[in-house]
Amino acid sequence: MRIYFAPCGIGLGHVGRNVPIARELEKQNATIVFSTYLEGASYIKNEKMPLIRAPAIGFQVKPDGSIDFRRTAINPGPIFASLTLMRQIDAEVKQIKEFNPDVVVSDSRASTLLAARLLGVPRVCILNQFQVIIPRRKRFLRMARLADSIILTMIGKIWTSGNTVLIPDFPPPYTVCTGNLNIPKSYRKNVKLIGPILPVRSAELESKDELRRKLRLPRDKPLIFVPVSGSTKEKAFLTGLLRKILLDFPEDYEIVMSLGYPKAKRNMKKYGHVTICDWIPNRFEYLKASDLVICRAGHGTITQAMCYGKPSILIPTPNHTEQLNNALQAEKLDVARYVLQENLTKARLLRTIDQILEGAVPNKLEAIEEETLKYDGLKNAVDLITEKAEE
């Protein structure tokens with residue numbers, strides 16, 4: 001069995017959930033290759049997996065890490081963006097032909113699905129956002145909604161036409177990305193909610209106390225885990241802001257912060273009760289050992305925290321509607337609280353931590369964690385991809 005993985009390369013979330021699927025399939029003697037770009041390519045290279053570098057598609061970012069839609073519209077602009085998309089499709093056609101896979105697995109990449117469709121190769125699409133929603137001004141709201149409707153129709157056909165669509169999230173009522181799944185009824189028959197894709201499940205690790213002993217972490221005070229995610233430019237501002245705030249935190253808390261740079265060595269620097277690392281390969285050990293997580297509102301990070309029964313403080317990337325929708329839903333589910341980046345201060349963060357740890361969120365998560373154990377997204381993804389390859 002030959003499988004061609006093509007995850008979006010912006011940030012690490014998409015490649016991060018494809019790697020465990022690929023490793024499980026390799027155990028079944030599958031031959032795999034990855035096609036991706038930007039941070040995704042660095043991650044795959046770091047994981048020592050076969051890599052084809054694809055032409056990059058990205059967006060412009062403001063100094064505060066927010067998405068700059070105006071500059072993105074101008075540079076690269078619709079013409080050059082279309083040319084880049086055509087370059088990606090052309091590159092994917094050539095690479096898919098050369099690799100000759102039994103199935104193509106695309107994670108949020110339309111170019112790969114279009115290329116595989118042209119070649120008549122079976123396709124699996126992994127998604128947690130059905131449509132990109134751009135923030136709109138009220139003045140043009142009616143026209144914007146019409147444009148969104150047209151885009152949804154076009155994108156919906158690309159995601160679902162002849163493809164099996166896997167959404168790595170919980171079924172209702174615990175679906176985190178529900179605000180980003182505006183899926184027309186005509187497309188829903190091909191869509192499957194499979195559960196989060198976890199490379200390491202909580203039950204496979206030692207107990208919380210044993211992990212703290214192993215990781216040389218104190219057991220007499222709350223541990224806050226801060227895994228910063230997103231593209232390099234997108235997370236730079238938040239990294240600097242959080243570092244400044246957390247280094248000034250009271251010693252009542254132990255803090256471990258990961259900057260999320262897979263190219264870097266582990267390189268742990270300790271500043272009293274605050275440890276800052278460029279990269280933590282055993283992040284799930286720190287997640288299980290923790291009492292609370294502070295992070296962006298990325299889909300993967302939220303669902304991982306839920307599976308491990310950990311409450312979160314979410315800081316959505318400004319102007320990032322997917323993350324804001326995730327944060328709103330997580331707060332509605334009572335598994336997290338969110339703080340807008342522009343409101344992030346030491347006092348606000350400490351107050352929110354106290355509200356979570358002393359409130360009902362941890363108890364709510366205990367019940368949800370038991371429910372989430374029923375959903376093995378990794379196994380479901382492997383089974384469905386294998387089934388598609390054998391059609």
# chains A, B, ... in the order shown; residues from 1 in each chain; ligands from 1

call {"tool": "residues_around", "arguments": {"residues": "Glu206 (chain A)", "least_positions_apart": "2", "cutoff": "12 Å", "atoms": "only C-alpha atoms", "output": "list of chain:residue names"}}
result
A:Val200, A:Arg201, A:Ser202, A:Ala203, A:Glu204, A:Lys208, A:Asp209, A:Glu210, A:Leu211, A:Arg212, A:Arg213, A:Lys214, A:Leu215, A:Phe284, A:Glu285, A:Tyr286, A:Leu287, A:Lys288, A:Ala289

call {"tool": "residues_around", "arguments": {"residues": "Asn380 (chain A)", "least_positions_apart": "4", "cutoff": "10 Å", "atoms": "only C-alpha atoms", "output": "PyMOL selection string"}}
result
chain A and resi 21+166+168+192-197+375-376+384-386

call {"tool": "write_last_selection", "arguments": {"atoms": "N, CA and C atoms", "output": "PDB file, in the first residue's frame"}}
result
ATOM      1  N   ILE A  21      -0.594   9.137  12.015  1.00  0.00           N
ATOM      2  CA  ILE A  21      -1.327   8.278  11.076  1.00  0.00           C
ATOM      3  C   ILE A  21      -0.333   7.549  10.177  1.00  0.00           C
ATOM      4  N   LEU A 166     -12.620  13.452   6.617  1.00  0.00           N
ATOM      5  CA  LEU A 166     -12.465  13.084   8.024  1.00  0.00           C
ATOM      6  C   LEU A 166     -12.286  14.341   8.867  1.00  0.00           C
ATOM      7  N   PRO A 168     -11.280  15.411  12.564  1.00  0.00           N
ATOM      8  CA  PRO A 168     -10.719  14.841  13.793  1.00  0.00           C
ATOM      9  C   PRO A 168     -11.219  15.546  15.047  1.00  0.00           C
ATOM     10  N   LYS A 192     -17.186  12.480   7.979  1.00  0.00           N
ATOM     11  CA  LYS A 192     -17.194  11.615   9.161  1.00  0.00           C
ATOM     12  C   LYS A 192     -16.429  12.284  10.313  1.00  0.00           C
ATOM     13  N   LEU A 193     -17.094  12.405  11.467  1.00  0.00           N
ATOM     14  CA  LEU A 193     -16.430  12.853  12.696  1.00  0.00           C
ATOM     15  C   LEU A 193     -15.767  11.638  13.323  1.00  0.00           C
ATOM     16  N   ILE A 194     -14.428  11.636  13.406  1.00  0.00           N
ATOM     17  CA  ILE A 194     -13.722  10.414  13.800  1.00  0.00           C
ATOM     18  C   ILE A 194     -13.101  10.467  15.192  1.00  0.00           C
ATOM     19  N   GLY A 195     -13.123  11.642  15.842  1.00  0.00           N
ATOM     20  CA  GLY A 195     -12.433  11.803  17.124  1.00  0.00           C
ATOM     21  C   GLY A 195     -11.044  12.377  16.912  1.00  0.00           C
ATOM     22  N   PRO A 196     -10.473  13.035  17.933  1.00  0.00           N
ATOM     23  CA  PRO A 196      -9.146  13.630  17.804  1.00  0.00           C
ATOM     24  C   PRO A 196      -8.069  12.594  17.508  1.00  0.00           C
ATOM     25  N   ILE A 197      -7.060  13.017  16.763  1.00  0.00           N
ATOM     26  CA  ILE A 197      -5.936  12.138  16.416  1.00  0.00           C
ATOM     27  C   ILE A 197      -4.814  12.383  17.411  1.00  0.00           C
ATOM     28  N   TYR A 375     -13.431   7.684  21.837  1.00  0.00           N
ATOM     29  CA  TYR A 375     -13.166   8.056  20.452  1.00  0.00           C
ATOM     30  C   TYR A 375     -11.674   7.956  20.148  1.00  0.00           C
ATOM     31  N   ASP A 376     -11.316   7.024  19.294  1.00  0.00           N
ATOM     32  CA  ASP A 376      -9.924   6.836  18.898  1.00  0.00           C
ATOM     33  C   ASP A 376      -9.757   7.330  17.463  1.00  0.00           C
ATOM     34  N   LEU A 384     -10.003   4.047   7.907  1.00  0.00           N
ATOM     35  CA  LEU A 384     -10.709   4.640   6.775  1.00  0.00           C
ATOM     36  C   LEU A 384      -9.779   4.911   5.596  1.00  0.00           C
ATOM     37  N   ILE A 385      -8.531   5.294   5.876  1.00  0.00           N
ATOM     38  CA  ILE A 385      -7.559   5.499   4.797  1.00  0.00           C
ATOM     39  C   ILE A 385      -7.221   4.164   4.137  1.00  0.00           C
ATOM     40  N   THR A 386      -7.042   3.125   4.948  1.00  0.00           N
ATOM     41  CA  THR A 386      -6.759   1.786   4.406  1.00  0.00           C
ATOM     42  C   THR A 386      -7.920   1.301   3.548  1.00  0.00           C
TER      43      THR A 386
END

call {"tool": "closest_residue", "arguments": {"among": "A:Gly16, A:Gly240, A:Pro199, A:Pro7", "to": "Phe34 (chain A)", "atoms": "only C-alpha atoms"}}
result
A:Pro7

call {"tool": "residues_around", "arguments": {"residues": "Ala347 (chain A)", "least_positions_apart": "2", "cutoff": "12 Å", "atoms": "only C-alpha atoms", "output": "list of chain:residue names"}}
result
A:Ile245, A:Leu246, A:Asp248, A:Phe249, A:Pro250, A:Val339, A:Asn343, A:Leu344, A:Thr345, A:Leu349, A:Leu350, A:Arg351, A:Thr352, A:Ile353, A:Asp354

call {"tool": "residues_around", "arguments": {"residues": "region 163-165 of chain A", "least_positions_apart": "5", "cutoff": "9 Å", "atoms": "only C-alpha atoms", "output": "ChimeraX atom specification"}}
result
/A:113,122-127,158,190-193,384-385,388

call {"tool": "residues_around", "arguments": {"residues": "Leu242 (chain A)", "least_positions_apart": "2", "cutoff": "12 Å", "atoms": "only C-alpha atoms", "output": "PyMOL selection string"}}
result
chain A and resi 226-228+235-240+244-249+255-259+274+276+294-296+315+341+344-346+349

call {"tool": "write_last_selection", "arguments": {"atoms": "N, CA and C atoms", "output": "tab-separated table (two decimals), in the first residue's frame"}}
result
chain	number	residue	atom	x	y	z
A	226	VAL	N	2.65	25.71	28.78
A	226	VAL	CA	2.39	26.77	27.79
A	226	VAL	C	3.01	26.37	26.45
A	227	PRO	N	2.31	25.56	25.63
A	227	PRO	CA	2.83	25.20	24.30
A	227	PRO	C	2.37	26.25	23.27
A	228	VAL	N	3.31	27.07	22.80
A	228	VAL	CA	2.96	28.13	21.84
A	228	VAL	C	2.95	27.53	20.44
A	235	LYS	N	3.28	33.62	15.85
A	235	LYS	CA	3.44	33.40	17.29
A	235	LYS	C	4.52	34.26	17.93
A	236	ALA	N	5.30	35.01	17.13
A	236	ALA	CA	6.42	35.77	17.66
A	236	ALA	C	5.98	36.79	18.71
A	237	PHE	N	4.93	37.55	18.42
A	237	PHE	CA	4.47	38.59	19.34
A	237	PHE	C	3.97	37.97	20.65
A	238	LEU	N	3.15	36.92	20.54
A	238	LEU	CA	2.61	36.28	21.74
A	238	LEU	C	3.72	35.66	22.58
A	239	THR	N	4.71	35.07	21.93
A	239	THR	CA	5.83	34.48	22.66
A	239	THR	C	6.52	35.52	23.53
A	240	GLY	N	6.81	36.69	22.95
A	240	GLY	CA	7.46	37.76	23.71
A	240	GLY	C	6.59	38.26	24.84
A	244	LYS	N	7.40	37.70	29.01
A	244	LYS	CA	7.49	38.83	29.95
A	244	LYS	C	6.53	38.66	31.12
A	245	ILE	N	5.30	38.24	30.84
A	245	ILE	CA	4.29	38.08	31.89
A	245	ILE	C	4.65	36.92	32.81
A	246	LEU	N	5.00	35.77	32.24
A	246	LEU	CA	5.22	34.56	33.04
A	246	LEU	C	6.46	34.65	33.90
A	247	LEU	N	7.49	35.34	33.42
A	247	LEU	CA	8.71	35.50	34.22
A	247	LEU	C	8.45	36.35	35.46
A	248	ASP	N	7.34	37.10	35.43
A	248	ASP	CA	6.97	37.95	36.57
A	248	ASP	C	5.88	37.31	37.42
A	249	PHE	N	5.53	36.05	37.12
A	249	PHE	CA	4.50	35.33	37.87
A	249	PHE	C	4.99	34.99	39.28
A	255	ILE	N	6.00	26.75	35.90
A	255	ILE	CA	5.61	27.02	34.51
A	255	ILE	C	6.61	26.40	33.55
A	256	VAL	N	6.11	25.68	32.55
A	256	VAL	CA	6.95	25.16	31.47
A	256	VAL	C	6.38	25.68	30.15
A	257	MET	N	7.22	26.39	29.41
A	257	MET	CA	6.79	27.02	28.15
A	257	MET	C	7.59	26.44	26.99
A	258	SER	N	6.89	25.99	25.94
A	258	SER	CA	7.53	25.50	24.73
A	258	SER	C	7.29	26.50	23.60
A	259	LEU	N	8.37	26.95	22.96
A	259	LEU	CA	8.26	27.94	21.89
A	259	LEU	C	7.86	27.33	20.56
A	274	VAL	N	10.25	29.14	36.24
A	274	VAL	CA	9.83	29.17	34.84
A	274	VAL	C	10.88	28.48	33.97
A	276	ILE	N	11.79	27.54	29.99
A	276	ILE	CA	11.46	27.88	28.61
A	276	ILE	C	12.29	27.01	27.67
A	294	ILE	N	-1.99	27.00	28.90
A	294	ILE	CA	-2.19	28.31	28.28
A	294	ILE	C	-1.69	28.20	26.84
A	295	CYS	N	-2.55	28.51	25.87
A	295	CYS	CA	-2.17	28.26	24.48
A	295	CYS	C	-3.02	29.09	23.52
A	296	ARG	N	-2.65	29.05	22.24
A	296	ARG	CA	-3.51	29.58	21.20
A	296	ARG	C	-4.77	28.71	21.14
A	315	ILE	N	-5.87	31.87	23.90
A	315	ILE	CA	-5.57	33.23	23.40
A	315	ILE	C	-5.64	33.17	21.88
A	341	GLN	N	-6.00	38.63	22.89
A	341	GLN	CA	-4.60	39.03	22.99
A	341	GLN	C	-4.45	40.48	23.43
A	344	LEU	N	-4.57	40.84	27.19
A	344	LEU	CA	-3.71	39.94	27.96
A	344	LEU	C	-2.74	40.73	28.85
A	345	THR	N	-2.91	40.58	30.15
A	345	THR	CA	-2.02	41.20	31.15
A	345	THR	C	-1.74	40.17	32.24
A	346	LYS	N	-0.76	40.47	33.05
A	346	LYS	CA	-0.42	39.57	34.17
A	346	LYS	C	-1.62	39.43	35.11
A	349	LEU	N	-4.42	37.35	33.51
A	349	LEU	CA	-4.06	35.94	33.41
A	349	LEU	C	-4.14	35.26	34.78

call {"tool": "residues_around", "arguments": {"residues": "region 88-91 of chain A", "least_positions_apart": "2", "cutoff": "6 Å", "atoms": "only C-alpha atoms", "output": "list of chain:residue names"}}
result
A:Pro55, A:Leu85, A:Met86, A:Val93, A:Lys94, A:Ser111, A:Ala115

call {"tool": "select_by_dssp", "arguments": {"residues": "region 161-194 of chain A", "states": "strand (DSSP E or B)", "output": "MDAnalysis selection string"}}
result
chainID A and resid 163:167 191:193

call {"tool": "residues_around", "arguments": {"residues": "Ser231 (chain A)", "least_positions_apart": "3", "cutoff": "10 Å", "atoms": "only C-alpha atoms", "output": "number ranges by chain"}}
result
A: 9-13, 38-40, 58, 61, 65, 228, 234-236, 260-261

call {"tool": "closest_atom_pairs", "arguments": {"of": "region 191-310 of chain A", "to": "region 326-334 of chain A", "cutoff": "10 Å", "atoms": "only C-alpha atoms", "output": "CSV"}}
result
residue,atom,partner,partner_atom,distance
A:Arg296,CA,A:Ala327,CA,8.9
A:Ala297,CA,A:Ala327,CA,5.7
A:Gly298,CA,A:Asn326,CA,7.3
A:His299,CA,A:Asn326,CA,6.7
A:Ile302,CA,A:Ala330,CA,7.7
A:Thr303,CA,A:Ala330,CA,9.3
A:Met306,CA,A:Ala330,CA,9.4

call {"tool": "write_last_selection", "arguments": {"atoms": "C-alpha atoms", "output": "PDB file, in the first residue's frame"}}
result
ATOM      1  CA  ARG A 296      -3.509  29.577  21.200  1.00  0.00           C
ATOM      2  CA  ALA A 297      -6.991  28.402  20.239  1.00  0.00           C
ATOM      3  CA  GLY A 298      -5.813  25.928  17.634  1.00  0.00           C
ATOM      4  CA  HIS A 299      -8.109  22.951  17.118  1.00  0.00           C
ATOM      5  CA  ILE A 302      -7.775  22.242  22.458  1.00  0.00           C
ATOM      6  CA  THR A 303      -8.856  18.680  21.661  1.00  0.00           C
ATOM      7  CA  MET A 306      -9.699  17.826  26.520  1.00  0.00           C
TER       8      MET A 306
END

call {"tool": "select_by_dssp", "arguments": {"residues": "region 139-373 of chain A", "states": "alpha helix (DSSP H)", "output": "PyMOL selection string"}}
result
chain A and resi 141-160+208-214+232-246+283-289+299-307+321-332+346-357+361-372

call {"tool": "atom_distance", "arguments": {"atom1": "CA of Ala30 (chain A)", "atom2": "CA of His14 (chain A)"}}
result
20.4 Å

call {"tool": "atom_distance", "arguments": {"atom1": "CA of Ala116 (chain A)", "atom2": "CA of Arg2 (chain A)"}}
result
13.8 Å
